[in-house]
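In what follows, a structure is listed as structure tokens, so that the remarks can point back to it.
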Amino acid sequence: MANKRDLKKYIKIVCGDIAGECVFAKLYFNGVDTEKMDDIIVRAAILQTTTIDKVSVSFDKTLKSFGGDAKAYNKARKAYFKECYKHLKEELNNEINSIVAEMNKAITKEQKDANKEALNN
């Protein structure tokens with residue numbers, strides 16, 4: 001991601017797509033557990049807000065703490081942000097995978113079979 005704003009937009013888009021798919025499944029597929037879908041929508045909203053809150057991290061060191069060495073400061077700062085965003089990305093992906101697994105559990109076997117049949121034709 002180029003900057004924090006783009007990262008926040010990406011998170012909003014992903015979580016919004018998850019919620020949208022849940023609403024679509026609730027309205028247009030028979031046999032979908034609507035309570036589970038409602039819970040998944042809430043989880044997606046919570047994931048969005050908590051992840052966006054975690055995007056705004058700051059490097060708490062100052063140039064003085066590195067003895068005025070700008071090169072060492074920039075290197076440490078870059079490594080810090082790289083590690084933070086790597087951890088954020090892993091956490092977001094794990095939660096998204098968990099939500100998608102819950103979405104798949106909310107669909108009945110008959111609907112899954114109908115979906116497979118539609119793909120094969």
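Every chain in the structure tokens takes a letter, A first, then B, and so on in the order presented; its residues are numbered from 1, and the ligands are numbered from 1 following the presented order.
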
> What lies within 12 Å of Asp53 (chain A) using only C-alpha atoms, ignoring chain neighbours under 5 positions off, as a VMD selection string?
Replying inline: chain A and resid 4 7 to 8 11 to 12 46 to 48 88

Take the residues from that selection and write them out as an mmCIF file, in the first residue's frame, keeping N, CA, C and O atoms.
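After the write, again-v4.cif holds the following:
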```cif
data_model
loop_
_atom_site.group_PDB
_atom_site.id
_atom_site.type_symbol
_atom_site.label_atom_id
_atom_site.label_comp_id
_atom_site.auth_asym_id
_atom_site.auth_seq_id
_atom_site.Cartn_x
_atom_site.Cartn_y
_atom_site.Cartn_z
ATOM 1 N N LYS A 4 -1.418 5.240 4.293
ATOM 2 C CA LYS A 4 -2.438 4.790 5.245
ATOM 3 C C LYS A 4 -3.848 4.952 4.691
ATOM 4 O O LYS A 4 -4.712 4.120 4.928
ATOM 5 N N LEU A 7 -4.657 2.083 2.466
ATOM 6 C CA LEU A 7 -4.824 0.873 3.264
ATOM 7 C C LEU A 7 -6.191 0.863 3.945
ATOM 8 O O LEU A 7 -6.886 -0.159 3.946
ATOM 9 N N LYS A 8 -6.600 2.000 4.474
ATOM 10 C CA LYS A 8 -7.914 2.094 5.120
ATOM 11 C C LYS A 8 -9.039 1.877 4.108
ATOM 12 O O LYS A 8 -10.034 1.215 4.403
ATOM 13 N N ILE A 11 -9.305 -1.850 3.403
ATOM 14 C CA ILE A 11 -9.964 -2.556 4.508
ATOM 15 C C ILE A 11 -11.473 -2.341 4.451
ATOM 16 O O ILE A 11 -12.254 -3.288 4.610
ATOM 17 N N LYS A 12 -11.901 -1.106 4.195
ATOM 18 C CA LYS A 12 -13.336 -0.815 4.093
ATOM 19 C C LYS A 12 -13.977 -1.568 2.937
ATOM 20 O O LYS A 12 -15.096 -2.080 3.059
ATOM 21 N N ILE A 46 -17.030 -5.126 12.980
ATOM 22 C CA ILE A 46 -16.066 -5.023 14.077
ATOM 23 C C ILE A 46 -14.641 -5.162 13.546
ATOM 24 O O ILE A 46 -13.737 -4.426 13.953
ATOM 25 N N LEU A 47 -14.442 -6.100 12.616
ATOM 26 C CA LEU A 47 -13.124 -6.275 12.004
ATOM 27 C C LEU A 47 -12.683 -4.993 11.317
ATOM 28 O O LEU A 47 -11.532 -4.573 11.444
ATOM 29 N N GLN A 48 -13.598 -4.354 10.615
ATOM 30 C CA GLN A 48 -13.265 -3.119 9.915
ATOM 31 C C GLN A 48 -12.813 -2.041 10.887
ATOM 32 O O GLN A 48 -11.759 -1.429 10.695
ATOM 33 N N LEU A 88 -0.287 -6.761 10.861
ATOM 34 C CA LEU A 88 -1.657 -6.333 10.592
ATOM 35 C C LEU A 88 -2.252 -7.121 9.428
ATOM 36 O O LEU A 88 -3.397 -7.577 9.493
#
```

Need to verify the contact set: Ile107 (chain A), 7 Å, only C-alpha atoms, exclusion of same-chain residues closer than 6 positions in sequence. Can you return it as a PDB file with all heavy atoms, in the first residue's frame?
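See result_5.pdb below for the written result:
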```pdb
ATOM      1  N   GLY A  31     -32.761 -21.407   2.486  1.00  0.00           N
ATOM      2  CA  GLY A  31     -32.107 -22.282   3.441  1.00  0.00           C
ATOM      3  C   GLY A  31     -30.857 -21.721   4.083  1.00  0.00           C
ATOM      4  O   GLY A  31     -30.124 -22.441   4.743  1.00  0.00           O
ATOM      5  N   VAL A  32     -30.604 -20.448   3.911  1.00  0.00           N
ATOM      6  CA  VAL A  32     -29.436 -19.834   4.538  1.00  0.00           C
ATOM      7  C   VAL A  32     -29.815 -19.426   5.958  1.00  0.00           C
ATOM      8  O   VAL A  32     -30.883 -18.864   6.192  1.00  0.00           O
ATOM      9  CB  VAL A  32     -28.965 -18.605   3.735  1.00  0.00           C
ATOM     10  CG1 VAL A  32     -27.859 -17.871   4.455  1.00  0.00           C
ATOM     11  CG2 VAL A  32     -28.510 -19.021   2.356  1.00  0.00           C
ATOM     12  N   ASP A  33     -28.942 -19.726   6.898  1.00  0.00           N
ATOM     13  CA  ASP A  33     -29.181 -19.369   8.289  1.00  0.00           C
ATOM     14  C   ASP A  33     -29.002 -17.855   8.449  1.00  0.00           C
ATOM     15  O   ASP A  33     -27.878 -17.350   8.471  1.00  0.00           O
ATOM     16  CB  ASP A  33     -28.222 -20.129   9.200  1.00  0.00           C
ATOM     17  CG  ASP A  33     -28.544 -19.967  10.665  1.00  0.00           C
ATOM     18  OD1 ASP A  33     -29.416 -19.157  11.004  1.00  0.00           O
ATOM     19  OD2 ASP A  33     -27.900 -20.671  11.470  1.00  0.00           O
TER      20      ASP A  33
END
```

> If we count only C-alpha atoms, what is near Ile99 (chain A) at a cut-off of 8 Å, once residues fewer than 4 positions away on the same chain are taken out, given as number ranges by chain?
Replying inline: A: 40, 43-44, 95, 103

Could you take the residues named above and write them with C-alpha atoms, as a PDB file, in the first residue's frame?
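In the end it all went to result.pdb:
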```
ATOM      1  CA  ILE A  40     -21.067 -12.466  10.294  1.00  0.00           C
ATOM      2  CA  ARG A  43     -18.072  -9.503  12.810  1.00  0.00           C
ATOM      3  CA  ALA A  44     -17.130  -7.838   9.522  1.00  0.00           C
ATOM      4  CA  GLU A  95      -9.907 -13.137  10.442  1.00  0.00           C
ATOM      5  CA  MET A 103     -20.248 -18.000   5.707  1.00  0.00           C
TER       6      MET A 103
END
```

>> Taking only chain A into account, list the residues labelled alpha helix (DSSP H) by DSSP (computed from the backbone), as a PyMOL selection string.
In response: chain A and resi 4-28+34-55+70-105+109-120

>> Give me the residues near region 60-71 of chain A as a ChimeraX atom specification, where near means some atom within 12 Å (using only C-alpha atoms) and where sequence neighbours in that chain fewer than 6 positions away do not count.
In response: /A:77-78,80-81

Could the residues in this selection be saved with N, CA, C and O atoms as a PDB file, in the first residue's frame?
```
ATOM      1  N   ARG A  77      13.128   2.931  11.676  1.00  0.00           N
ATOM      2  CA  ARG A  77      11.742   3.342  11.464  1.00  0.00           C
ATOM      3  C   ARG A  77      11.100   2.502  10.358  1.00  0.00           C
ATOM      4  O   ARG A  77       9.970   2.017  10.497  1.00  0.00           O
ATOM      5  N   LYS A  78      11.808   2.306   9.274  1.00  0.00           N
ATOM      6  CA  LYS A  78      11.298   1.515   8.154  1.00  0.00           C
ATOM      7  C   LYS A  78      11.055   0.066   8.587  1.00  0.00           C
ATOM      8  O   LYS A  78      10.029  -0.529   8.253  1.00  0.00           O
ATOM      9  N   TYR A  80      10.446  -0.993  11.603  1.00  0.00           N
ATOM     10  CA  TYR A  80       9.322  -0.990  12.551  1.00  0.00           C
ATOM     11  C   TYR A  80       7.983  -1.006  11.808  1.00  0.00           C
ATOM     12  O   TYR A  80       7.109  -1.831  12.097  1.00  0.00           O
ATOM     13  N   PHE A  81       7.808  -0.119  10.845  1.00  0.00           N
ATOM     14  CA  PHE A  81       6.558  -0.053  10.104  1.00  0.00           C
ATOM     15  C   PHE A  81       6.344  -1.297   9.249  1.00  0.00           C
ATOM     16  O   PHE A  81       5.219  -1.789   9.125  1.00  0.00           O
TER      17      PHE A  81
END
```

Find the residues around Glu21 (chain A) up to 12 Å (only C-alpha atoms counted), leave out those fewer than 4 positions away in its own chain, and share them as an mmCIF file with all heavy atoms, in the first residue's frame.
```
data_model
loop_
_atom_site.group_PDB
_atom_site.id
_atom_site.type_symbol
_atom_site.label_atom_id
_atom_site.label_comp_id
_atom_site.auth_asym_id
_atom_site.auth_seq_id
_atom_site.Cartn_x
_atom_site.Cartn_y
_atom_site.Cartn_z
ATOM 1 N N VAL A 14 -12.958 -4.445 1.525
ATOM 2 C CA VAL A 14 -12.997 -5.883 1.810
ATOM 3 C C VAL A 14 -14.107 -6.211 2.799
ATOM 4 O O VAL A 14 -14.909 -7.128 2.569
ATOM 5 C CB VAL A 14 -11.626 -6.374 2.327
ATOM 6 C CG1 VAL A 14 -11.725 -7.782 2.871
ATOM 7 C CG2 VAL A 14 -10.584 -6.301 1.223
ATOM 8 N N CYS A 15 -14.169 -5.478 3.887
ATOM 9 C CA CYS A 15 -15.205 -5.744 4.898
ATOM 10 C C CYS A 15 -16.602 -5.437 4.358
ATOM 11 O O CYS A 15 -17.555 -6.160 4.656
ATOM 12 C CB CYS A 15 -14.919 -4.943 6.164
ATOM 13 S SG CYS A 15 -13.426 -5.490 7.022
ATOM 14 N N GLY A 16 -16.720 -4.398 3.534
ATOM 15 C CA GLY A 16 -18.007 -4.088 2.917
ATOM 16 C C GLY A 16 -18.450 -5.170 1.951
ATOM 17 O O GLY A 16 -19.637 -5.505 1.876
ATOM 18 N N ASP A 17 -17.495 -5.737 1.212
ATOM 19 C CA ASP A 17 -17.827 -6.830 0.291
ATOM 20 C C ASP A 17 -18.313 -8.065 1.049
ATOM 21 O O ASP A 17 -19.248 -8.735 0.610
ATOM 22 C CB ASP A 17 -16.624 -7.196 -0.572
ATOM 23 C CG ASP A 17 -16.351 -6.173 -1.666
ATOM 24 O OD1 ASP A 17 -17.226 -5.326 -1.919
ATOM 25 O OD2 ASP A 17 -15.254 -6.230 -2.250
ATOM 26 N N ALA A 25 -26.792 -13.223 0.179
ATOM 27 C CA ALA A 25 -27.115 -14.632 0.458
ATOM 28 C C ALA A 25 -28.387 -14.748 1.294
ATOM 29 O O ALA A 25 -29.216 -15.635 1.049
ATOM 30 C CB ALA A 25 -25.949 -15.303 1.175
ATOM 31 N N LYS A 26 -28.558 -13.869 2.268
ATOM 32 C CA LYS A 26 -29.768 -13.886 3.093
ATOM 33 C C LYS A 26 -31.024 -13.662 2.258
ATOM 34 O O LYS A 26 -32.039 -14.302 2.477
ATOM 35 C CB LYS A 26 -29.701 -12.787 4.159
ATOM 36 C CG LYS A 26 -28.929 -13.105 5.385
ATOM 37 C CD LYS A 26 -28.845 -11.957 6.363
ATOM 38 C CE LYS A 26 -30.090 -11.143 6.495
ATOM 39 N NZ LYS A 26 -30.031 -10.092 7.504
ATOM 40 N N LEU A 27 -30.938 -12.753 1.318
ATOM 41 C CA LEU A 27 -32.124 -12.360 0.563
ATOM 42 C C LEU A 27 -32.449 -13.289 -0.604
ATOM 43 O O LEU A 27 -33.621 -13.473 -0.934
ATOM 44 C CB LEU A 27 -31.963 -10.931 0.036
ATOM 45 C CG LEU A 27 -31.881 -9.833 1.094
ATOM 46 C CD1 LEU A 27 -31.610 -8.492 0.438
ATOM 47 C CD2 LEU A 27 -33.140 -9.783 1.937
ATOM 48 N N TYR A 28 -31.452 -13.871 -1.236
ATOM 49 C CA TYR A 28 -31.697 -14.559 -2.494
ATOM 50 C C TYR A 28 -31.471 -16.068 -2.483
ATOM 51 O O TYR A 28 -31.761 -16.726 -3.465
ATOM 52 C CB TYR A 28 -30.865 -13.926 -3.609
ATOM 53 C CG TYR A 28 -31.287 -12.505 -3.873
ATOM 54 C CD1 TYR A 28 -30.504 -11.444 -3.459
ATOM 55 C CD2 TYR A 28 -32.495 -12.229 -4.496
ATOM 56 C CE1 TYR A 28 -30.895 -10.141 -3.689
ATOM 57 C CE2 TYR A 28 -32.905 -10.931 -4.724
ATOM 58 C CZ TYR A 28 -32.100 -9.893 -4.320
ATOM 59 O OH TYR A 28 -32.497 -8.604 -4.541
ATOM 60 N N PHE A 29 -30.967 -16.628 -1.395
ATOM 61 C CA PHE A 29 -30.772 -18.077 -1.333
ATOM 62 C C PHE A 29 -31.694 -18.665 -0.281
ATOM 63 O O PHE A 29 -31.809 -18.131 0.824
ATOM 64 C CB PHE A 29 -29.322 -18.449 -1.000
ATOM 65 C CG PHE A 29 -28.352 -18.118 -2.092
ATOM 66 C CD1 PHE A 29 -27.197 -17.408 -1.815
ATOM 67 C CD2 PHE A 29 -28.571 -18.524 -3.394
ATOM 68 C CE1 PHE A 29 -26.297 -17.101 -2.814
ATOM 69 C CE2 PHE A 29 -27.662 -18.229 -4.400
ATOM 70 C CZ PHE A 29 -26.528 -17.512 -4.110
ATOM 71 N N MET A 37 -25.736 -15.263 9.364
ATOM 72 C CA MET A 37 -25.326 -14.209 8.435
ATOM 73 C C MET A 37 -25.323 -12.848 9.129
ATOM 74 O O MET A 37 -24.438 -12.031 8.897
ATOM 75 C CB MET A 37 -26.232 -14.183 7.205
ATOM 76 C CG MET A 37 -25.999 -15.330 6.265
ATOM 77 S SD MET A 37 -24.338 -15.262 5.574
ATOM 78 C CE MET A 37 -24.380 -16.696 4.535
ATOM 79 N N ASP A 38 -26.310 -12.604 9.990
ATOM 80 C CA ASP A 38 -26.331 -11.353 10.751
ATOM 81 C C ASP A 38 -25.111 -11.249 11.659
ATOM 82 O O ASP A 38 -24.492 -10.180 11.772
ATOM 83 C CB ASP A 38 -27.608 -11.240 11.577
ATOM 84 C CG ASP A 38 -28.841 -11.001 10.728
ATOM 85 O OD1 ASP A 38 -28.694 -10.516 9.585
ATOM 86 O OD2 ASP A 38 -29.955 -11.301 11.209
ATOM 87 N N ILE A 40 -22.235 -12.660 11.150
ATOM 88 C CA ILE A 40 -21.067 -12.466 10.294
ATOM 89 C C ILE A 40 -20.966 -11.006 9.860
ATOM 90 O O ILE A 40 -19.865 -10.438 9.813
ATOM 91 C CB ILE A 40 -21.128 -13.414 9.082
ATOM 92 C CG1 ILE A 40 -20.960 -14.869 9.551
ATOM 93 C CG2 ILE A 40 -20.055 -13.060 8.057
ATOM 94 C CD1 ILE A 40 -21.269 -15.898 8.487
ATOM 95 N N ILE A 41 -22.091 -10.378 9.583
ATOM 96 C CA ILE A 41 -22.083 -8.962 9.214
ATOM 97 C C ILE A 41 -21.540 -8.118 10.366
ATOM 98 O O ILE A 41 -20.734 -7.210 10.161
ATOM 99 C CB ILE A 41 -23.494 -8.507 8.796
ATOM 100 C CG1 ILE A 41 -23.892 -9.185 7.477
ATOM 101 C CG2 ILE A 41 -23.563 -6.982 8.651
ATOM 102 C CD1 ILE A 41 -25.341 -9.018 7.101
ATOM 103 N N ALA A 44 -17.818 -8.598 10.571
ATOM 104 C CA ALA A 44 -17.130 -7.838 9.522
ATOM 105 C C ALA A 44 -17.034 -6.364 9.905
ATOM 106 O O ALA A 44 -15.999 -5.723 9.675
ATOM 107 C CB ALA A 44 -17.850 -8.006 8.190
ATOM 108 N N ILE A 99 -14.043 -15.709 8.805
ATOM 109 C CA ILE A 99 -15.380 -15.234 8.450
ATOM 110 C C ILE A 99 -15.908 -15.979 7.225
ATOM 111 O O ILE A 99 -17.076 -16.383 7.186
ATOM 112 C CB ILE A 99 -15.361 -13.704 8.219
ATOM 113 C CG1 ILE A 99 -15.176 -12.979 9.553
ATOM 114 C CG2 ILE A 99 -16.631 -13.239 7.532
ATOM 115 C CD1 ILE A 99 -14.971 -11.485 9.429
ATOM 116 N N VAL A 100 -15.065 -16.185 6.228
ATOM 117 C CA VAL A 100 -15.498 -16.906 5.021
ATOM 118 C C VAL A 100 -15.869 -18.346 5.364
ATOM 119 O O VAL A 100 -16.852 -18.888 4.840
ATOM 120 C CB VAL A 100 -14.403 -16.844 3.931
ATOM 121 C CG1 VAL A 100 -14.717 -17.775 2.785
ATOM 122 C CG2 VAL A 100 -14.256 -15.412 3.424
ATOM 123 N N MET A 103 -19.261 -18.224 6.769
ATOM 124 C CA MET A 103 -20.248 -18.000 5.707
ATOM 125 C C MET A 103 -20.571 -19.317 4.998
ATOM 126 O O MET A 103 -21.726 -19.591 4.696
ATOM 127 C CB MET A 103 -19.716 -16.987 4.689
ATOM 128 C CG MET A 103 -19.664 -15.573 5.202
ATOM 129 S SD MET A 103 -18.793 -14.436 4.104
ATOM 130 C CE MET A 103 -19.893 -14.383 2.705
ATOM 131 N N ASN A 104 -19.557 -20.118 4.741
ATOM 132 C CA ASN A 104 -19.775 -21.398 4.079
ATOM 133 C C ASN A 104 -20.578 -22.360 4.944
ATOM 134 O O ASN A 104 -21.366 -23.152 4.432
ATOM 135 C CB ASN A 104 -18.448 -22.032 3.681
ATOM 136 C CG ASN A 104 -17.803 -21.305 2.520
ATOM 137 O OD1 ASN A 104 -18.480 -20.708 1.693
ATOM 138 N ND2 ASN A 104 -16.488 -21.348 2.467
#
```

>> I'd like to know which of A:Cys22, A:Ala72, A:Ala45, A:Ala79 is closest to Phe59 (chain A), using only C-alpha atoms.
In response: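 Selected residue with least distance to Phe59 (chain A): A:Ala79.
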
>> Quick check, in Å to one decimal: how far apart do CA of Leu92 (chain A) and CA of Thr50 (chain A) lie?
In response: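 Interatomic distance, CA of Leu92 (chain A) to CA of Thr50 (chain A): 9.9 Å.
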